[in-house]
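A quick write-up on the structure given underneath.
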Amino acid sequence: MSNKLYVVIPCYNEEEVLFETAKRIRIKMHEMMDRDLISEDSRVVFVNDGSRDKTWPMIKHLHEKDNIFSGINLSRNRGHQNALLAGLMTVKDYCDVTISMDADLQDDIDAMDKMIMKYMEGKDVVYGVRSARTTDTFFKRFTAESFYKLMEKLGANTVYNHADYRLMSSRALEGLAQFKEVNLFLRGLVPMVGYPTDIVTYERSERFAGESKYPLSKMLAFAFEGITSLSVKLIRLITAAGFFMILISFIVVLYTIYSYVVGYARPGWSSMMVSMWFIGGMIMLSLGIVGEYIGKIYLETKERPRFIIDEFIND
Ligand code: UDP
Ligand code: MG
């Protein structure tokens with residue numbers, strides 16, 4: 001089996017880290033070539049996501065000096081997920097296997113060997129999973145981990161503590177290419193592709209220079225995107241709330257009858273109380289039912305593949 005590896009790295013305003021990252025990863029690539037883990041024509045592909053600094057000229061410079069480096073320049077800033085997808089979809093026909101990672105090397109590049117070895121054992125997708133988040137601030141850790149738990153509760157299938165550091169074989173990428181949705185949350189889509197998968201754990205380190213391109217506002221938007229693009233369970237909450245209100249309306253009926261009997265109900269009050277809760281409940285329930293259909297339409301419009309075939313044995 002040949003192992004032509006393309007490492008895909010999205011970069012947005014990364015001039016402070018780019019050369020150092022390139023240097024470290026180049027050493028790593030040659031080390032893996034020497035150990036025959038990957039072929040000599042493997043590449044490192046930087047995807048410039050519409051940076052406003054010198055990132056793209058730097059990528060071109062790297063490519064001129066050493067053809068192990070390649071570059072893709074996006075027409076404008078499209079965000080991390082789109083930049084990553086652009087990179088993966090562009091390289092999938094040129095290589096056997098890809099590894100995606102961030103430009104700041106917060107993800108331990110030494111985990112790549114382990115990923116490649118799992119690939120050689122026949123895994124198509126290998127997730128990099130953070131074993132500890134000691135270097136992240138308490139706040140980042142807390143928000144991130146709550147997010148993974150919430151996703152799980154909502155039934156969105158994601159890998160716990162896995163970001164976008166992962167190996168994917170070219171056939172897994174072919175599968176991913178069939179997901180046409182524009183609301184992109186790769187961490188949720190990759191598990192849907194299927195094929196044999198495995199994980200590799202590593203320790204996440206600090207960004208060695210530059211600052212995070214994910215401030216709190218972007219992180220929240222990203223989390224909301226993840227939840228709404230993978231799950232229609234939020235709509236079911238409306239239905240549940242409707243049922244709950246109708247239940248309350250029955251309790252209110254009992255309470256108004258009681259008040260009437262005891263004698264402190266004013267004329268007109270009982271019917272008001274009951275209809276308010278009951279109608280409220282019916283409205284919520286109807287909204288939930290309508291929402292259920294909208295949820296279905298939503299999933300239909302994504303035109304996701306209904307199946308992906310692993311093998312077909314036939315003489
Ligand atoms: N990134 C990108 N486009 C954007 C924002 C970020 O391509 O609009 C890239 C960025 O250059 C980095 C990766 O996405 O390689 C992850 O960003 P960052 O390290 O800032 O996120 P954090 O690790 O803090 O979550
Ligand atoms: Mg980072």
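Here's how to read the names in the structure tokens: chain A, B, ... by the order shown, residue numbers from 1 in each chain, ligand numbers from 1 in the order shown.
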Next item on the list: Please provide as number ranges by chain all residues within 9 Å of Arg52 of chain A, with the sequence filter that same-chain residues fewer than 3 positions apart are discarded (counting only C-alpha atoms).
Entry: A: 12-13, 55-56
Margin query: As a quick test: using only C-alpha atoms and all ligand atoms, which residues lie no more than 8 Å away from ligand 2? Give them as a list in words.
Written below: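 Using only C-alpha atoms and all ligand atoms, I find these residues within 8 Å of ligand 2: Asp102, Ala103, Asp104, Leu105, Gln106, Glu206, Arg207, Glu211, Ser212 and Lys213 of chain A.
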Against ligand 1, which residues of chain A fall within 10 Å? For each one I want the closest pair of atoms and the distance in Å (one decimal), counting only C-alpha atoms and all ligand atoms, rows by chain and increasing residue number, as a Markdown table.
| residue | atom | partner | partner_atom_place_in_ligand_line | distance |
| --- | --- | --- | --- | --- |
| A:Val8 | CA | ligand 1 | 15 (O) | 9.8 |
| A:Ile9 | CA | ligand 1 | 15 (O) | 6.2 |
| A:Pro10 | CA | ligand 1 | 7 (O) | 4.3 |
| A:Cys11 | CA | ligand 1 | 11 (O) | 3.4 |
| A:Tyr12 | CA | ligand 1 | 11 (O) | 3.8 |
| A:Asn13 | CA | ligand 1 | 11 (O) | 6.3 |
| A:Glu14 | CA | ligand 1 | 11 (O) | 5.7 |
| A:Glu15 | CA | ligand 1 | 11 (O) | 9.5 |
| A:Val17 | CA | ligand 1 | 11 (O) | 9.4 |
| A:Leu18 | CA | ligand 1 | 11 (O) | 9.4 |
| A:Phe46 | CA | ligand 1 | 15 (O) | 9.3 |
| A:Val47 | CA | ligand 1 | 7 (O) | 7.3 |
| A:Asn48 | CA | ligand 1 | 7 (O) | 6.9 |
| A:Asp49 | CA | ligand 1 | 7 (O) | 5.0 |
| A:Gly50 | CA | ligand 1 | 3 (N) | 7.9 |
| A:Ser51 | CA | ligand 1 | 3 (N) | 8.1 |
| A:Thr55 | CA | ligand 1 | 11 (O) | 9.7 |
| A:Leu74 | CA | ligand 1 | 7 (O) | 9.9 |
| A:Arg76 | CA | ligand 1 | 8 (O) | 9.8 |
| A:Asn77 | CA | ligand 1 | 8 (O) | 6.0 |
| A:Arg78 | CA | ligand 1 | 8 (O) | 6.1 |
| A:Gly79 | CA | ligand 1 | 8 (O) | 3.5 |
| A:His80 | CA | ligand 1 | 2 (C) | 3.7 |
| A:Gln81 | CA | ligand 1 | 7 (O) | 7.3 |
| A:Asn82 | CA | ligand 1 | 7 (O) | 8.0 |
| A:Ala83 | CA | ligand 1 | 7 (O) | 5.5 |
| A:Leu84 | CA | ligand 1 | 7 (O) | 7.1 |
| A:Ser100 | CA | ligand 1 | 15 (O) | 9.7 |
| A:Met101 | CA | ligand 1 | 15 (O) | 7.1 |
| A:Asp102 | CA | ligand 1 | 15 (O) | 3.6 |
| A:Ala103 | CA | ligand 1 | 15 (O) | 3.7 |
| A:Asp104 | CA | ligand 1 | 19 (O) | 5.7 |
| A:Leu105 | CA | ligand 1 | 15 (O) | 8.2 |
| A:Gln106 | CA | ligand 1 | 23 (O) | 6.8 |
| A:Asp107 | CA | ligand 1 | 23 (O) | 8.8 |
| A:Asp136 | CA | ligand 1 | 24 (O) | 9.2 |
| A:Lys140 | CA | ligand 1 | 25 (O) | 8.9 |
| A:Ala144 | CA | ligand 1 | 25 (O) | 9.6 |
| A:Ala163 | CA | ligand 1 | 25 (O) | 8.5 |
| A:Asp164 | CA | ligand 1 | 16 (C) | 8.7 |
| A:Arg204 | CA | ligand 1 | 23 (O) | 9.7 |
| A:Ser205 | CA | ligand 1 | 23 (O) | 9.9 |
| A:Glu206 | CA | ligand 1 | 23 (O) | 8.7 |
| A:Arg207 | CA | ligand 1 | 19 (O) | 7.1 |
| A:Gly210 | CA | ligand 1 | 20 (O) | 8.5 |
| A:Glu211 | CA | ligand 1 | 20 (O) | 6.4 |
| A:Ser212 | CA | ligand 1 | 20 (O) | 3.4 |
| A:Lys213 | CA | ligand 1 | 20 (O) | 3.3 |
| A:Tyr214 | CA | ligand 1 | 21 (O) | 4.9 |
| A:Pro215 | CA | ligand 1 | 24 (O) | 7.6 |
| A:Leu216 | CA | ligand 1 | 24 (O) | 9.8 |
| A:Lys218 | CA | ligand 1 | 5 (C) | 9.1 |
| A:Met219 | CA | ligand 1 | 25 (O) | 7.9 |
Next item on the list: Would you list, as a PyMOL selection string, the residues of segment 8-230 of chain A that end up in strand (DSSP E) under DSSP run on this structure's backbone?
Entry: chain A and resi 8-11+43-48+69-73+97-100+125-130+162-169+197-202
Hey, can you spit out that residue selection with N, CA and C atoms as a compact mmCIF listing (two decimals), in the first residue's frame?
# COMPACT_ATOMS: atom_id res chain seq x y z
N VAL A 8 -3.34 18.92 5.53
CA VAL A 8 -4.08 20.13 5.16
C VAL A 8 -4.20 21.07 6.36
N ILE A 9 -3.74 22.31 6.17
CA ILE A 9 -3.70 23.27 7.28
C ILE A 9 -4.36 24.59 6.90
N PRO A 10 -5.56 24.86 7.42
CA PRO A 10 -6.18 26.16 7.14
C PRO A 10 -5.47 27.27 7.91
N CYS A 11 -5.27 28.42 7.26
CA CYS A 11 -4.55 29.52 7.91
C CYS A 11 -5.29 30.83 7.73
N ARG A 43 2.89 15.75 0.82
CA ARG A 43 2.90 17.22 0.81
C ARG A 43 2.25 17.83 2.05
N VAL A 44 2.59 19.09 2.28
CA VAL A 44 1.92 19.89 3.32
C VAL A 44 1.19 21.01 2.59
N VAL A 45 -0.13 21.05 2.70
CA VAL A 45 -0.91 22.03 1.94
C VAL A 45 -1.49 23.09 2.87
N PHE A 46 -1.06 24.33 2.69
CA PHE A 46 -1.62 25.42 3.48
C PHE A 46 -2.79 26.04 2.72
N VAL A 47 -3.91 26.21 3.40
CA VAL A 47 -5.07 26.84 2.77
C VAL A 47 -5.20 28.24 3.36
N ASN A 48 -4.97 29.25 2.53
CA ASN A 48 -5.09 30.61 3.03
C ASN A 48 -6.55 31.05 2.97
N PHE A 69 5.94 21.86 0.24
CA PHE A 69 4.85 22.76 0.63
C PHE A 69 4.01 23.16 -0.57
N SER A 70 2.69 23.09 -0.42
CA SER A 70 1.78 23.57 -1.46
C SER A 70 0.85 24.59 -0.83
N GLY A 71 0.11 25.30 -1.67
CA GLY A 71 -0.80 26.31 -1.14
C GLY A 71 -2.09 26.40 -1.92
N ILE A 72 -3.16 26.75 -1.23
CA ILE A 72 -4.45 27.01 -1.87
C ILE A 72 -4.88 28.37 -1.33
N ASN A 73 -5.27 29.27 -2.22
CA ASN A 73 -5.68 30.60 -1.78
C ASN A 73 -7.18 30.77 -2.01
N VAL A 97 -4.18 9.60 1.50
CA VAL A 97 -4.65 9.85 2.86
C VAL A 97 -4.34 11.31 3.24
N THR A 98 -5.21 11.91 4.06
CA THR A 98 -4.98 13.29 4.50
C THR A 98 -4.99 13.36 6.02
N ILE A 99 -4.28 14.35 6.54
CA ILE A 99 -4.41 14.67 7.95
C ILE A 99 -4.69 16.17 8.02
N SER A 100 -5.73 16.55 8.75
CA SER A 100 -6.02 17.98 8.89
C SER A 100 -5.58 18.45 10.27
N VAL A 125 -10.77 6.46 9.02
CA VAL A 125 -10.83 7.74 9.73
C VAL A 125 -10.19 7.53 11.11
N VAL A 126 -9.23 8.39 11.45
CA VAL A 126 -8.62 8.32 12.78
C VAL A 126 -8.77 9.69 13.44
N TYR A 127 -9.49 9.73 14.54
CA TYR A 127 -9.74 10.99 15.24
C TYR A 127 -8.63 11.27 16.25
N GLY A 128 -8.11 12.49 16.24
CA GLY A 128 -7.21 12.91 17.30
C GLY A 128 -8.04 13.39 18.47
N VAL A 129 -7.85 12.78 19.63
CA VAL A 129 -8.65 13.13 20.80
C VAL A 129 -7.74 13.69 21.88
N ARG A 130 -8.14 14.82 22.45
CA ARG A 130 -7.32 15.45 23.49
C ARG A 130 -7.48 14.71 24.80
N HIS A 162 -12.78 15.85 20.50
CA HIS A 162 -12.06 15.80 19.23
C HIS A 162 -12.36 17.08 18.47
N ALA A 163 -11.31 17.76 18.00
CA ALA A 163 -11.55 18.96 17.20
C ALA A 163 -11.38 18.56 15.74
N ASP A 164 -10.61 19.28 14.98
CA ASP A 164 -10.51 18.89 13.58
C ASP A 164 -9.14 18.32 13.22
N TYR A 165 -8.49 17.72 14.20
CA TYR A 165 -7.22 17.04 13.96
C TYR A 165 -7.56 15.59 13.66
N ARG A 166 -7.56 15.23 12.39
CA ARG A 166 -7.96 13.86 12.07
C ARG A 166 -7.37 13.39 10.75
N LEU A 167 -7.24 12.08 10.67
CA LEU A 167 -6.80 11.46 9.43
C LEU A 167 -8.02 10.97 8.67
N MET A 168 -8.02 11.19 7.37
CA MET A 168 -9.09 10.63 6.54
C MET A 168 -8.49 10.05 5.27
N SER A 169 -8.92 8.84 4.92
CA SER A 169 -8.44 8.23 3.68
C SER A 169 -9.17 8.90 2.52
N THR A 197 -13.14 3.15 11.90
CA THR A 197 -12.53 4.33 12.50
C THR A 197 -11.79 3.96 13.79
N ASP A 198 -10.95 4.86 14.22
CA ASP A 198 -10.23 4.65 15.48
C ASP A 198 -9.86 6.02 16.05
N ILE A 199 -9.34 6.03 17.26
CA ILE A 199 -8.88 7.30 17.82
C ILE A 199 -7.42 7.21 18.26
N VAL A 200 -6.80 8.37 18.34
CA VAL A 200 -5.45 8.47 18.86
C VAL A 200 -5.50 9.61 19.89
N THR A 201 -5.00 9.37 21.08
CA THR A 201 -5.05 10.46 22.07
C THR A 201 -3.72 11.19 22.13
N TYR A 202 -3.79 12.45 22.47
CA TYR A 202 -2.59 13.28 22.55
C TYR A 202 -2.87 14.42 23.51
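The residue that comes closest to Met117 of chain A, out of A:Leu247, A:Met89, A:Met273, A:Leu37 and on the basis of only C-alpha atoms, is A:Leu37.
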Next item on the list: In Å, rounded to a single decimal, give me how far atom CA of Leu237 of chain A is from atom CA of Asn183 of chain A.
Entry: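 Computing the Euclidean distance for atom CA of Asn183 of chain A and atom CA of Leu237 of chain A yields 21.9 Å.
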Check: For the atom pair atom CA of Lys233 of chain A and atom CA of Ile297 of chain A, what is the interatomic distance in Å to one decimal place?
Finding: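 Going from atom CA of Lys233 of chain A over to atom CA of Ile297 of chain A covers 14.0 Å.
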Next item on the list: Any chance you could list, as an MDAnalysis selection string, the residues in segment 27-79 of chain A that come up helix (DSSP H, G or I) when DSSP is run on the backbone?
Entry: chainID A and resid 27:34 55:65
Next item on the list: Work out how far apart atom CA of Ala172 of chain A and atom CA of Ser229 of chain A are and give it in Å to one decimal.
Entry: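 We find that atom CA of Ala172 of chain A and atom CA of Ser229 of chain A lie 20.6 Å from each other.
Between Phe19 of chain A and the residues A:Gly122, A:Gly87, A:Ile283, A:Ala209, the shortest atom-to-atom distance, using only C-alpha atoms, involves A:Ala209.
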Identify, on the basis of only C-alpha atoms, every residue whose closest approach to Glu303 of chain A does not exceed 12 Å; exclude the query and any residue fewer than 2 positions from it along the same chain; express the result as a PDB file with N, CA, C and O atoms, in the first residue's frame.
ATOM      1  N   ALA A 177     -17.608  14.051   0.446  1.00  0.00           N
ATOM      2  CA  ALA A 177     -17.940  14.941  -0.674  1.00  0.00           C
ATOM      3  C   ALA A 177     -19.416  14.841  -1.048  1.00  0.00           C
ATOM      4  O   ALA A 177     -19.972  15.738  -1.670  1.00  0.00           O
ATOM      5  N   GLN A 178     -20.053  13.722  -0.662  1.00  0.00           N
ATOM      6  CA  GLN A 178     -21.465  13.558  -1.015  1.00  0.00           C
ATOM      7  C   GLN A 178     -22.398  14.333  -0.101  1.00  0.00           C
ATOM      8  O   GLN A 178     -23.597  14.404  -0.338  1.00  0.00           O
ATOM      9  N   PHE A 179     -21.849  14.871   0.994  1.00  0.00           N
ATOM     10  CA  PHE A 179     -22.672  15.699   1.875  1.00  0.00           C
ATOM     11  C   PHE A 179     -22.616  17.124   1.337  1.00  0.00           C
ATOM     12  O   PHE A 179     -21.590  17.771   1.398  1.00  0.00           O
ATOM     13  N   LYS A 180     -23.763  17.576   0.790  1.00  0.00           N
ATOM     14  CA  LYS A 180     -23.738  18.845   0.053  1.00  0.00           C
ATOM     15  C   LYS A 180     -24.076  20.049   0.914  1.00  0.00           C
ATOM     16  O   LYS A 180     -24.194  21.154   0.411  1.00  0.00           O
ATOM     17  N   GLU A 181     -24.332  19.854   2.199  1.00  0.00           N
ATOM     18  CA  GLU A 181     -24.857  20.964   2.985  1.00  0.00           C
ATOM     19  C   GLU A 181     -23.894  22.136   3.111  1.00  0.00           C
ATOM     20  O   GLU A 181     -22.673  21.975   3.101  1.00  0.00           O
ATOM     21  N   VAL A 182     -24.478  23.318   3.212  1.00  0.00           N
ATOM     22  CA  VAL A 182     -23.643  24.515   3.351  1.00  0.00           C
ATOM     23  C   VAL A 182     -23.445  24.905   4.822  1.00  0.00           C
ATOM     24  O   VAL A 182     -22.501  25.598   5.154  1.00  0.00           O
ATOM     25  N   LYS A 296     -38.229  17.958   9.065  1.00  0.00           N
ATOM     26  CA  LYS A 296     -38.091  16.954   8.008  1.00  0.00           C
ATOM     27  C   LYS A 296     -37.653  17.620   6.707  1.00  0.00           C
ATOM     28  O   LYS A 296     -36.753  17.142   6.020  1.00  0.00           O
ATOM     29  N   ILE A 297     -38.306  18.726   6.390  1.00  0.00           N
ATOM     30  CA  ILE A 297     -37.957  19.458   5.155  1.00  0.00           C
ATOM     31  C   ILE A 297     -36.488  19.871   5.219  1.00  0.00           C
ATOM     32  O   ILE A 297     -35.739  19.731   4.261  1.00  0.00           O
ATOM     33  N   TYR A 298     -36.100  20.351   6.386  1.00  0.00           N
ATOM     34  CA  TYR A 298     -34.719  20.794   6.598  1.00  0.00           C
ATOM     35  C   TYR A 298     -33.731  19.675   6.271  1.00  0.00           C
ATOM     36  O   TYR A 298     -32.760  19.853   5.545  1.00  0.00           O
ATOM     37  N   LEU A 299     -34.026  18.489   6.815  1.00  0.00           N
ATOM     38  CA  LEU A 299     -33.124  17.365   6.558  1.00  0.00           C
ATOM     39  C   LEU A 299     -33.153  16.947   5.087  1.00  0.00           C
ATOM     40  O   LEU A 299     -32.134  16.579   4.512  1.00  0.00           O
ATOM     41  N   GLU A 300     -34.353  17.023   4.469  1.00  0.00           N
ATOM     42  CA  GLU A 300     -34.450  16.672   3.054  1.00  0.00           C
ATOM     43  C   GLU A 300     -33.613  17.616   2.198  1.00  0.00           C
ATOM     44  O   GLU A 300     -32.935  17.182   1.274  1.00  0.00           O
ATOM     45  N   THR A 301     -33.675  18.916   2.508  1.00  0.00           N
ATOM     46  CA  THR A 301     -32.959  19.878   1.667  1.00  0.00           C
ATOM     47  C   THR A 301     -31.452  19.673   1.726  1.00  0.00           C
ATOM     48  O   THR A 301     -30.733  20.107   0.846  1.00  0.00           O
ATOM     49  N   PRO A 305     -26.293  11.795   1.514  1.00  0.00           N
ATOM     50  CA  PRO A 305     -26.329  10.462   0.908  1.00  0.00           C
ATOM     51  C   PRO A 305     -27.075   9.511   1.844  1.00  0.00           C
ATOM     52  O   PRO A 305     -26.962   9.616   3.057  1.00  0.00           O
ATOM     53  N   ARG A 306     -27.849   8.597   1.273  1.00  0.00           N
ATOM     54  CA  ARG A 306     -28.596   7.676   2.132  1.00  0.00           C
ATOM     55  C   ARG A 306     -27.753   6.477   2.547  1.00  0.00           C
ATOM     56  O   ARG A 306     -28.032   5.817   3.513  1.00  0.00           O
ATOM     57  N   PHE A 307     -26.724   6.211   1.758  1.00  0.00           N
ATOM     58  CA  PHE A 307     -25.809   5.118   2.115  1.00  0.00           C
ATOM     59  C   PHE A 307     -24.500   5.326   1.389  1.00  0.00           C
ATOM     60  O   PHE A 307     -24.446   6.026   0.371  1.00  0.00           O
TER      61      PHE A 307
END
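The list of residues with at least one atom within 9 Å of segment 308-313 of chain A, based on only C-alpha atoms and without residues fewer than 6 positions apart in the same chain, reads Gly175, Val193, Gly194 and Tyr195 of chain A.
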Item checked: For segment 148-160 of chain A: contacts at 7 Å, only C-alpha atoms, fewer than 2 positions along chain excluded, given as a ChimeraX atom specification -> /A:144-146,162,187-188,191,227,230-231,233
